[in-house]
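Novice: Contents of my_file.tsv (TSV, C-alpha atoms and all ligand atoms) are given next:
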chain	number	residue	atom	x	y	z
A	1	MET	CA	-36.81	-39.84	-4.68
A	2	ALA	CA	-37.23	-39.71	-0.88
A	3	LEU	CA	-35.83	-36.59	0.78
A	4	PRO	CA	-33.37	-37.16	3.67
A	5	VAL	CA	-35.20	-36.91	6.99
A	6	GLU	CA	-33.58	-34.79	9.73
A	7	SER	CA	-33.57	-36.23	13.23
A	8	PRO	CA	-34.99	-33.92	15.98
A	9	ALA	CA	-31.40	-33.39	17.21
A	10	GLU	CA	-30.30	-32.29	13.75
A	11	ARG	CA	-33.28	-29.92	13.52
A	12	LEU	CA	-32.25	-28.28	16.81
A	13	ALA	CA	-28.51	-28.13	16.04
A	14	PRO	CA	-27.18	-24.58	15.53
A	15	PRO	CA	-26.00	-23.78	11.99
A	16	ALA	CA	-22.37	-24.67	11.27
A	17	PRO	CA	-20.20	-21.62	11.97
A	18	GLY	CA	-19.20	-19.80	8.80
A	19	PRO	CA	-16.80	-16.96	8.10
A	20	LEU	CA	-19.26	-14.40	9.47
A	21	VAL	CA	-19.64	-16.06	12.90
A	22	PRO	CA	-17.09	-15.03	15.54
A	23	GLU	CA	-15.48	-17.77	17.61
A	24	PRO	CA	-14.97	-17.16	21.33
A	25	TYR	CA	-11.36	-16.55	22.42
A	26	ARG	CA	-10.25	-15.85	25.99
A	27	VAL	CA	-7.88	-12.97	26.72
A	28	ALA	CA	-4.99	-15.01	28.15
A	29	ALA	CA	-2.61	-12.04	28.54
A	30	SER	CA	-2.54	-8.33	27.88
A	31	ARG	CA	0.72	-6.41	27.46
A	32	SER	CA	1.06	-2.65	27.04
A	33	GLU	CA	3.29	-1.73	24.10
A	34	THR	CA	2.86	2.03	24.43
A	35	GLU	CA	0.50	4.34	26.31
A	36	ASP	CA	-2.34	3.54	23.87
A	37	THR	CA	-1.35	0.23	22.28
A	38	VAL	CA	-1.88	-3.22	23.75
A	39	THR	CA	-0.93	-6.73	22.61
A	40	LEU	CA	-3.61	-9.28	23.47
A	41	SER	CA	-2.86	-13.02	23.63
A	42	LEU	CA	-6.07	-14.78	22.67
A	43	ALA	CA	-6.61	-18.47	23.46
A	44	PRO	CA	-9.38	-20.41	21.69
A	45	LEU	CA	-12.25	-21.62	23.88
A	46	GLN	CA	-13.21	-24.12	21.17
A	47	ASP	CA	-11.29	-25.50	18.19
A	48	PRO	CA	-8.73	-22.92	17.04
A	49	LEU	CA	-9.30	-21.16	13.75
A	50	LEU	CA	-6.98	-21.96	10.85
A	51	ALA	CA	-3.37	-20.88	11.46
A	52	PRO	CA	-2.92	-17.35	10.07
A	53	ARG	CA	-0.07	-16.61	7.66
A	54	PRO	CA	2.13	-13.55	8.36
A	55	GLY	CA	0.25	-10.47	7.14
A	56	GLN	CA	-3.27	-11.86	7.42
A	57	PHE	CA	-5.90	-10.30	9.67
A	58	ASN	CA	-8.81	-11.36	11.85
A	59	MET	CA	-12.05	-9.56	12.60
A	60	LEU	CA	-12.12	-9.04	16.41
A	61	THR	CA	-15.40	-8.44	18.27
A	62	ALA	CA	-15.64	-6.53	21.50
A	63	PHE	CA	-19.07	-7.87	22.45
A	64	GLY	CA	-21.68	-5.15	22.83
A	65	VAL	CA	-19.42	-2.58	21.15
A	66	GLY	CA	-18.49	-3.75	17.65
A	67	GLU	CA	-16.06	-5.49	15.38
A	68	VAL	CA	-12.82	-4.29	13.72
A	69	ALA	CA	-10.13	-5.70	11.46
A	70	ILE	CA	-6.85	-6.34	13.29
A	71	SER	CA	-3.78	-8.01	11.84
A	72	VAL	CA	-2.33	-11.06	13.53
A	73	SER	CA	0.87	-9.95	15.28
A	74	GLY	CA	1.92	-13.26	16.82
A	75	GLY	CA	1.39	-17.01	16.92
A	76	PRO	CA	-0.30	-19.33	16.64
A	77	ASP	CA	1.21	-21.26	19.56
A	78	SER	CA	0.76	-25.02	19.75
A	79	ASP	CA	-2.55	-24.50	21.58
A	80	GLY	CA	-3.83	-22.07	18.93
A	81	THR	CA	-3.14	-18.90	20.95
A	82	ILE	CA	-2.69	-15.89	18.68
A	83	GLU	CA	-1.60	-12.32	19.32
A	84	HIS	CA	-3.13	-9.06	18.13
A	85	THR	CA	-1.68	-5.61	18.74
A	86	VAL	CA	-4.37	-2.97	18.98
A	87	HIS	CA	-3.98	0.80	18.83
A	88	SER	CA	-6.78	2.51	20.76
A	89	VAL	CA	-8.29	5.02	18.33
A	90	GLY	CA	-12.06	4.63	18.68
A	91	PRO	CA	-14.82	2.80	20.54
A	92	VAL	CA	-14.07	-0.77	19.40
A	93	SER	CA	-10.29	-0.62	19.54
A	94	ARG	CA	-10.56	1.07	22.97
A	95	ALA	CA	-12.85	-1.71	24.26
A	96	LEU	CA	-10.43	-4.35	22.94
A	97	CYS	CA	-7.44	-2.62	24.56
A	98	ASN	CA	-9.35	-2.50	27.85
A	99	SER	CA	-10.43	-6.18	27.72
A	100	PRO	CA	-9.28	-7.69	31.01
A	101	VAL	CA	-7.42	-10.99	31.21
A	102	GLY	CA	-10.05	-13.75	31.40
A	103	SER	CA	-12.67	-11.90	29.39
A	104	VAL	CA	-13.92	-13.24	26.06
A	105	VAL	CA	-13.68	-11.59	22.65
A	106	GLY	CA	-14.89	-12.83	19.27
A	107	VAL	CA	-12.49	-13.79	16.49
A	108	ARG	CA	-13.23	-14.66	12.88
A	109	GLY	CA	-10.71	-15.24	10.14
A	110	PRO	CA	-7.95	-15.47	9.16
A	111	PHE	CA	-8.60	-13.37	6.10
A	112	GLY	CA	-6.67	-11.78	3.27
A	113	THR	CA	-3.39	-12.12	1.48
A	114	ASP	CA	-0.05	-12.48	3.31
A	115	TRP	CA	3.53	-11.21	3.03
A	116	GLY	CA	4.58	-14.30	1.07
A	117	VAL	CA	7.50	-15.01	3.41
A	118	GLY	CA	7.71	-18.51	1.90
A	119	ASP	CA	8.91	-17.20	-1.44
A	120	LEU	CA	11.60	-14.94	0.05
A	121	ALA	CA	14.14	-17.77	0.44
A	122	GLY	CA	17.45	-16.67	-1.05
A	123	ARG	CA	16.36	-13.04	-1.42
A	124	ASP	CA	17.57	-10.00	0.51
A	125	VAL	CA	14.68	-8.54	2.49
A	126	MET	CA	14.11	-5.02	3.75
A	127	VAL	CA	11.17	-4.47	6.11
A	128	VAL	CA	10.02	-0.87	6.58
A	129	ALA	CA	7.47	-0.16	9.32
A	130	GLY	CA	5.82	3.03	10.52
A	131	GLY	CA	4.30	3.13	14.01
A	132	ILE	CA	1.74	0.39	14.68
A	133	GLY	CA	2.58	-0.84	11.14
A	134	LEU	CA	5.22	-3.05	12.75
A	135	ALA	CA	2.38	-5.18	14.20
A	136	PRO	CA	1.18	-6.69	10.88
A	137	LEU	CA	4.87	-7.30	10.05
A	138	ARG	CA	5.89	-8.85	13.38
A	139	THR	CA	5.31	-12.53	12.52
A	140	ALA	CA	7.17	-12.05	9.23
A	141	VAL	CA	10.04	-10.29	11.04
A	142	ILE	CA	10.27	-13.13	13.61
A	143	GLN	CA	10.59	-15.68	10.78
A	144	LEU	CA	13.04	-13.58	8.77
A	145	ALA	CA	15.23	-12.69	11.78
A	146	GLY	CA	15.29	-16.37	12.81
A	147	ALA	CA	16.23	-17.48	9.28
A	148	SER	CA	19.04	-14.94	8.94
A	149	ALA	CA	20.33	-15.75	12.47
A	150	SER	CA	20.52	-19.43	11.61
A	151	GLY	CA	23.26	-18.81	9.05
A	152	GLY	CA	21.40	-17.93	5.85
A	153	ALA	CA	23.56	-15.71	3.67
A	154	ARG	CA	20.54	-13.52	3.02
A	155	ARG	CA	20.61	-9.87	4.04
A	156	PHE	CA	17.77	-8.79	6.30
A	157	ASP	CA	17.27	-5.16	7.37
A	158	LEU	CA	14.48	-3.74	9.51
A	159	LEU	CA	13.77	0.00	9.41
A	160	VAL	CA	11.32	1.38	11.96
A	161	GLY	CA	9.87	4.86	12.30
A	162	ALA	CA	7.82	6.16	15.22
A	163	ARG	CA	6.54	9.58	16.18
A	164	THR	CA	8.42	9.64	19.50
A	165	PRO	CA	10.68	7.18	21.36
A	166	ASP	CA	7.82	6.09	23.64
A	167	GLN	CA	5.69	5.24	20.56
A	168	VAL	CA	8.09	2.50	19.40
A	169	VAL	CA	6.20	-0.80	19.64
A	170	PHE	CA	7.92	-4.13	20.51
A	171	ALA	CA	10.96	-2.27	21.93
A	172	ASP	CA	12.20	-5.35	23.83
A	173	GLU	CA	11.94	-7.51	20.73
A	174	ILE	CA	13.77	-4.93	18.66
A	175	ARG	CA	16.65	-5.32	21.13
A	176	ARG	CA	16.47	-9.13	20.75
A	177	TRP	CA	16.39	-8.97	16.94
A	178	ARG	CA	19.49	-6.77	17.07
A	179	GLU	CA	21.19	-9.28	19.39
A	180	GLN	CA	20.32	-12.01	16.87
A	181	GLY	CA	22.28	-10.06	14.27
A	182	THR	CA	19.51	-8.26	12.37
A	183	ASN	CA	20.35	-4.71	11.27
A	184	VAL	CA	17.50	-2.80	12.97
A	185	GLN	CA	17.44	0.98	12.56
A	186	VAL	CA	14.91	3.03	14.49
A	187	THR	CA	14.20	6.68	13.84
A	188	VAL	CA	11.73	9.04	15.52
A	189	ASP	CA	10.01	12.16	14.20
A	190	ALA	CA	10.69	14.00	17.46
A	191	ALA	CA	13.38	13.07	19.98
A	192	ALA	CA	13.01	13.06	23.77
A	193	PRO	CA	15.57	13.19	26.61
A	194	GLY	CA	17.66	10.02	26.50
A	195	TRP	CA	17.16	9.38	22.76
A	196	ASP	CA	20.48	9.14	20.94
A	197	GLY	CA	19.22	7.55	17.71
A	198	PRO	CA	18.34	9.15	14.39
A	199	VAL	CA	15.63	11.81	14.15
A	200	GLY	CA	13.52	12.07	10.99
A	201	VAL	CA	10.87	10.15	9.12
A	202	VAL	CA	11.55	6.52	8.24
A	203	THR	CA	12.29	7.30	4.58
A	204	THR	CA	15.48	9.09	5.73
A	205	LEU	CA	16.86	5.63	6.58
A	206	LEU	CA	16.35	4.14	3.12
A	207	ASP	CA	19.60	5.26	1.55
A	208	LYS	CA	21.57	4.23	4.67
A	209	VAL	CA	21.03	0.55	3.84
A	210	PRO	CA	23.33	-0.61	1.03
A	211	PHE	CA	20.79	-2.94	-0.57
A	212	ASP	CA	21.08	-4.63	-3.95
A	213	PRO	CA	17.98	-3.59	-5.93
A	214	LYS	CA	18.18	-6.74	-8.06
A	215	SER	CA	17.90	-9.21	-5.20
A	216	THR	CA	15.93	-7.24	-2.57
A	217	VAL	CA	12.25	-7.52	-1.70
A	218	ALA	CA	10.75	-4.81	0.52
A	219	LEU	CA	7.78	-5.29	2.86
A	220	VAL	CA	6.18	-1.97	3.86
A	221	CYS	CA	3.44	-1.19	6.39
A	222	GLY	CA	2.37	1.95	8.20
A	223	PRO	CA	0.16	4.99	7.65
A	224	GLU	CA	-0.77	5.37	3.99
A	225	VAL	CA	1.30	8.52	3.53
A	226	MET	CA	4.36	6.67	4.86
A	227	ILE	CA	3.70	3.73	2.50
A	228	ARG	CA	3.41	6.09	-0.44
A	229	PHE	CA	6.69	7.92	0.28
A	230	THR	CA	8.56	4.74	1.20
A	231	ALA	CA	7.52	2.92	-1.96
A	232	ARG	CA	8.41	5.91	-4.12
A	233	GLY	CA	11.75	6.29	-2.32
A	234	LEU	CA	12.60	2.63	-2.90
A	235	VAL	CA	11.69	2.90	-6.59
A	236	ASP	CA	13.89	6.01	-6.85
A	237	LEU	CA	16.74	3.96	-5.36
A	238	GLY	CA	16.30	1.36	-8.08
A	239	LEU	CA	14.00	-1.26	-6.54
A	240	PRO	CA	11.52	-2.56	-9.13
A	241	PRO	CA	7.90	-1.91	-8.03
A	242	GLU	CA	7.21	-5.65	-8.37
A	243	ASN	CA	9.69	-6.22	-5.51
A	244	ILE	CA	7.75	-3.98	-3.10
A	245	ARG	CA	4.87	-5.40	-1.06
A	246	VAL	CA	2.59	-3.05	0.88
A	247	SER	CA	-0.26	-3.65	3.33
A	248	LEU	CA	-3.24	-1.32	2.97
A	249	GLU	CA	-6.12	-0.48	5.33
A	250	ARG	CA	-9.66	0.62	4.68
A	251	ASN	CA	-12.84	0.59	6.76
A	252	MET	CA	-13.64	-3.10	6.81
A	253	GLN	CA	-16.88	-4.74	7.83
A	254	CYS	CA	-17.51	-8.22	6.43
A	255	GLY	CA	-13.88	-9.19	5.76
A	256	VAL	CA	-14.90	-11.66	3.05
A	257	GLY	CA	-15.61	-9.55	-0.04
A	258	LEU	CA	-19.37	-9.25	0.39
A	259	CYS	CA	-20.15	-5.75	1.68
A	260	GLY	CA	-17.89	-3.51	-0.41
A	261	HIS	CA	-16.93	-1.16	2.45
A	262	CYS	CA	-13.20	-1.63	1.85
A	263	GLN	CA	-13.32	-0.95	-1.88
A	264	LEU	CA	-10.31	0.84	-3.36
A	265	GLY	CA	-10.86	1.41	-7.07
A	266	PRO	CA	-11.41	-2.02	-8.60
A	267	LEU	CA	-10.05	-3.76	-5.50
A	268	LEU	CA	-11.58	-5.00	-2.28
A	269	ILE	CA	-8.88	-4.76	0.38
A	270	CYS	CA	-10.28	-7.71	2.36
A	271	ARG	CA	-10.48	-10.03	-0.64
A	272	ASP	CA	-7.57	-8.87	-2.83
A	273	GLY	CA	-5.34	-7.61	0.02
A	274	PRO	CA	-4.41	-6.35	2.52
A	275	VAL	CA	-0.95	-7.21	1.15
A	276	PHE	CA	-0.46	-6.04	-2.43
A	277	THR	CA	2.44	-5.76	-4.83
A	278	TYR	CA	3.20	-2.05	-5.36
A	279	ALA	CA	2.73	-2.17	-9.10
A	280	GLY	CA	0.05	-1.50	-11.66
A	281	VAL	CA	-3.28	-0.41	-10.27
A	282	VAL	CA	-2.11	-0.33	-6.62
A	283	ALA	CA	0.76	2.07	-7.40
A	284	ASP	CA	-1.60	4.21	-9.50
A	285	LEU	CA	-4.19	4.35	-6.71
A	286	LEU	CA	-1.61	5.19	-4.04
A	287	LEU	CA	-0.23	7.98	-6.18
A	288	GLN	CA	-3.66	9.65	-6.31
A	289	ARG	CA	-3.36	11.97	-3.32
A	290	GLU	CA	-7.08	12.17	-2.60
A	291	LEU	CA	-7.29	8.44	-1.81
A	301	LIG	C1	-6.56	-5.24	7.16
A	301	LIG	C2	-6.51	-4.33	8.37
A	301	LIG	C3	-5.63	-4.61	9.38
A	301	LIG	C4	-5.57	-3.78	10.50
A	301	LIG	N1	-4.70	-4.11	11.50
A	301	LIG	C5	-4.67	-3.36	12.61
A	301	LIG	C6	-3.81	-3.71	13.69
A	301	LIG	O1	-3.06	-4.68	13.65
A	301	LIG	N2	-3.85	-2.93	14.81
A	301	LIG	C7	-4.66	-1.83	14.89
A	301	LIG	O2	-4.66	-1.18	15.94
A	301	LIG	N3	-5.48	-1.47	13.89
A	301	LIG	C8	-5.51	-2.21	12.76
A	301	LIG	N4	-6.34	-1.86	11.74
A	301	LIG	C9	-7.12	-0.64	11.87
A	301	LIG	C10	-8.35	-0.90	12.68
A	301	LIG	O3	-9.22	-1.78	11.99
A	301	LIG	C11	-9.04	0.47	12.94
A	301	LIG	O4	-8.19	1.28	13.67
A	301	LIG	C12	-10.28	0.24	13.71
A	301	LIG	O5	-11.24	-0.21	12.79
A	301	LIG	C13	-10.76	1.47	14.43
A	301	LIG	O6	-12.04	1.15	14.93
A	301	LIG	P1	-12.65	1.91	16.15
A	301	LIG	O7	-14.10	1.54	16.24
A	301	LIG	O8	-11.82	1.70	17.35
A	301	LIG	O9	-12.53	3.40	15.73
A	301	LIG	P2	-13.53	4.24	14.81
A	301	LIG	O10	-14.75	4.55	15.59
A	301	LIG	O11	-13.66	3.54	13.49
A	301	LIG	O12	-12.65	5.55	14.62
A	301	LIG	C14	-12.55	6.52	15.65
A	301	LIG	C15	-11.61	7.61	15.22
A	301	LIG	O13	-10.30	7.09	14.99
A	301	LIG	C16	-9.90	7.37	13.65
A	301	LIG	N5	-9.22	6.19	13.19
A	301	LIG	C17	-9.78	5.05	12.72
A	301	LIG	N6	-8.85	4.18	12.40
A	301	LIG	C18	-7.66	4.79	12.67
A	301	LIG	C19	-6.32	4.41	12.56
A	301	LIG	N7	-5.96	3.24	12.05
A	301	LIG	N8	-5.36	5.27	12.97
A	301	LIG	C20	-5.68	6.48	13.46
A	301	LIG	N9	-6.94	6.90	13.59
A	301	LIG	C21	-7.90	6.08	13.18
A	301	LIG	C22	-11.16	7.64	12.87
A	301	LIG	O14	-10.88	8.51	11.79
A	301	LIG	C23	-12.02	8.28	13.92
A	301	LIG	O15	-11.71	9.64	14.06
A	301	LIG	C24	-6.41	-2.66	10.61
A	301	LIG	C25	-7.30	-2.36	9.57
A	301	LIG	C26	-7.35	-3.19	8.45
A	301	LIG	C27	-8.31	-2.88	7.36
Just give me the structure as structure tokens.
Ligand SMILES: Cc1cc2nc3c(=O)[nH]c(=O)nc-3n(C[C@H](O)[C@H](O)[C@H](O)COP(=O)(O)OP(=O)(O)OC[C@H]3O[C@@H](n4cnc5c(N)ncnc54)[C@H](O)[C@@H]3O)c2cc1C

Specialist:
Amino acid sequence: MALPVESPAERLAPPAPGPLVPEPYRVAASRSETEDTVTLSLAPLQDPLLAPRPGQFNMLTAFGVGEVAISVSGGPDSDGTIEHTVHSVGPVSRALCNSPVGSVVGVRGPFGTDWGVGDLAGRDVMVVAGGIGLAPLRTAVIQLAGASASGGARRFDLLVGARTPDQVVFADEIRRWREQGTNVQVTVDAAAPGWDGPVGVVTTLLDKVPFDPKSTVALVCGPEVMIRFTARGLVDLGLPPENIRVSLERNMQCGVGLCGHCQLGPLLICRDGPVFTYAGVVADLLLQREL
């Protein structure tokens, strides 16, 4: 049988981009959320990547510095523009936060599991976020706040914890969600002049929401210690573990289940998560303090 013959043009063509090849996106806007957290609007320079589902993440490249996993915090718009909210903690996240408008970053994804907002119709939903943990929840919150504002009988509560008042991300949107009718409670670990809201960790808000454990689903994201205490607090208040969804983070490199850097027990966070049901092996792993 004759083998297909490649034309010279085909021989010279670059390989088709795969999940490990970043696509160029232009920084269309950059908005400071807090002193060290920035939301970047990224517009595709070529065909946009697949539309991310709420809770999924992309791998973002700051060229010449490195690549990190960052959840999608907004979009996509009709032109494929997406938003990512980045907390500056190290070299790559700092470079991304400092990327000027007009510069180009690399994006590959979207990867991972999502919050499953589609199957929350008719359920009561409680979202609990700690610090930058509101970023991976933001697209879900926008959908849920919109659905409850448009007359759905469903109960939707948003509980937010931050270290200090100036560490609350998306403060303007929190005001808008409240105006739309969402019950948004914000607490801070340490107050500052002008703060007249609650003081204490976010778990202190849990028993202030009269939720029905039979019909409520909770979505939880934040530092791991906060996830652990929140999930346990919700279970203590009667919520079945199967009704609690958590988003976990680990050092992530390939994003597609090849390298094993994000292994957690039998799980790979990039392939099996980042959003997990807080039951079975995930609950067991989170309860082991050394993890
Ligand atoms: C699925 C997934 C989704 C994520 N989504 C987001 C997101 O939406 N926004 C976001 O800002 N980050 C997000 N992260 C975390 C982000 O990937 C890391 O913060 C990033 O890899 C740090 O890289 P770096 O090179 O800047 O810092 P590194 O050089 O890796 O770390 C520098 C220092 O910061 C510390 N550090 C690292 N990560 C954190 C952290 N998360 N918090 C506090 N200190 C840290 C390290 O211990 C080290 O001391 C996500 C991670 C995963 C796995």

Novice: Using only C-alpha atoms, find all polymer residues with an atom at most 7 Å away from the point (-0.2, -14.9, 4.3); report them as JSON, numbers by chain.

Specialist: {"A": [52, 53, 54, 55, 56, 113, 114, 115, 116]}

Novice: How close does region 119-193 of chain A get to region 239-244 of chain A? List, as a tab-separated table, each residue of region 119-193 of chain A within 10 Å, its nearest atom pair and the distance in Å to one decimal, counting all atoms listed in the file.

Specialist:
residue	atom	partner	partner_atom	distance
A:Val125	CA	A:Asn243	CA	9.7
A:Met126	CA	A:Ile244	CA	9.4
A:Val127	CA	A:Ile244	CA	9.8

Novice: What is the distance, in Å and to one decimal place, between CA of Glu249 (chain A) and CA of Asp207 (chain A)?

Specialist: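 These atoms are spaced 26.6 Å apart.
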
Novice: Give the padded box for ligand LIG 301 (chain A) as JSON: axis-aligned, covering all atoms listed in the file, 6 Å on each side, centre and edge lengths in Å to one decimal.

Specialist:
{"center_x": -8.9, "center_y": 2.2, "center_z": 12.3, "size_x": 23.7, "size_y": 26.9, "size_z": 22.2}

Novice: Take CA of Val186 (chain A) and CA of Gly161 (chain A) and report the distance between them in Å, one decimal.

Specialist: 5.8 Å

Novice: In terms of the shortest atom-to-atom distance over all atoms listed in the file, which of A:Ala162, A:Cys262, A:Cys254, A:Val105 is closest to ligand LIG 301 (chain A)?

Specialist: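 For ligand LIG 301 (chain A), the nearest of the given residues is A:Cys262.
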
Novice: Using only C-alpha atoms, determine which residues lie at most 7 Å from Arg108 (chain A), disregarding the query and same-chain residues fewer than 4 positions distant; provide the list as an MDAnalysis selection string.

Specialist: chainID A and resid 19:23 58:60

Novice: Keeping C-alpha atoms, export the residues of the selection given above as a PDB file, in the frame of the given file.

Specialist:
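Writing done, so here's part09.pdb:
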ATOM      1  CA  PRO A  19     -16.800 -16.960   8.100  1.00  0.00           C
ATOM      2  CA  LEU A  20     -19.260 -14.400   9.470  1.00  0.00           C
ATOM      3  CA  VAL A  21     -19.640 -16.060  12.900  1.00  0.00           C
ATOM      4  CA  PRO A  22     -17.090 -15.030  15.540  1.00  0.00           C
ATOM      5  CA  GLU A  23     -15.480 -17.770  17.610  1.00  0.00           C
ATOM      6  CA  ASN A  58      -8.810 -11.360  11.850  1.00  0.00           C
ATOM      7  CA  MET A  59     -12.050  -9.560  12.600  1.00  0.00           C
ATOM      8  CA  LEU A  60     -12.120  -9.040  16.410  1.00  0.00           C
TER       9      LEU A  60
END

Novice: When you count all atoms listed in the file, which of these residues is closest to ligand LIG 301 (chain A): A:Lys214, A:Arg154, A:Arg176, A:His261?

Specialist: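 Checking each of A:Lys214, A:Arg154, A:Arg176, A:His261 against ligand LIG 301 (chain A), counting all atoms listed in the file, the winner is A:His261.
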
Novice: Between CA of Phe276 (chain A) and atom O4 of ligand LIG 301 (chain A), what is the distance in Å, rounded to a tenth?

Specialist: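 Here the two named atoms are 19.3 Å from each other.
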
Novice: Which chains and residue numbers are within 8 Å of ligand LIG 301 (chain A), counting all atoms listed in the file, if I want them as a VMD selection string?

Specialist: chain A and resid 37 56 to 58 66 to 73 84 to 95 112 132 to 133 135 to 136 223 247 to 252 262 269 to 270 273 to 274

Novice: Please identify all polymer residues within 9 Å of Gly75 (chain A), counting only C-alpha atoms, omitting same-chain residues fewer than 2 positions from it, and present them as number ranges by chain.

Specialist: A: 41, 51-52, 72-73, 77-78, 80-83, 139

Novice: For Ile174 (chain A), find every residue with an atom within 9 Å (counting all atoms listed in the file), except residues of its own chain fewer than 5 positions away, and show them as a list in words.

Specialist: Val169, Glu179 and Val184 of chain A

Novice: Restricting it to C-alpha atoms, dump the selection as a compact mmCIF listing (two decimals), keeping the file's coordinate frame.

Specialist:
# COMPACT_ATOMS: atom_id res chain seq x y z
CA VAL A 169 6.20 -0.80 19.64
CA GLU A 179 21.19 -9.28 19.39
CA VAL A 184 17.50 -2.80 12.97

Novice: What lies within 12 Å of Leu144 (chain A) using all atoms listed in the file, ignoring chain neighbours under 3 positions off, as number ranges by chain?

Specialist: A: 54, 115-127, 137-141, 147-158, 177, 180-183, 219

Novice: Could you tell me which of A:Val38, A:Asp189, A:Asp47, A:Pro76 comes closest to Ser99 (chain A) if we count all atoms listed in the file?

Specialist: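 Result for the nearest residue to Ser99 (chain A): A:Val38.
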
Novice: May I ask which of the residues A:Thr164, A:Gln253, A:Thr61, A:Arg228 is the closest one to Asp284 (chain A), counting only C-alpha atoms?

Specialist: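 Closest candidate: A:Arg228.
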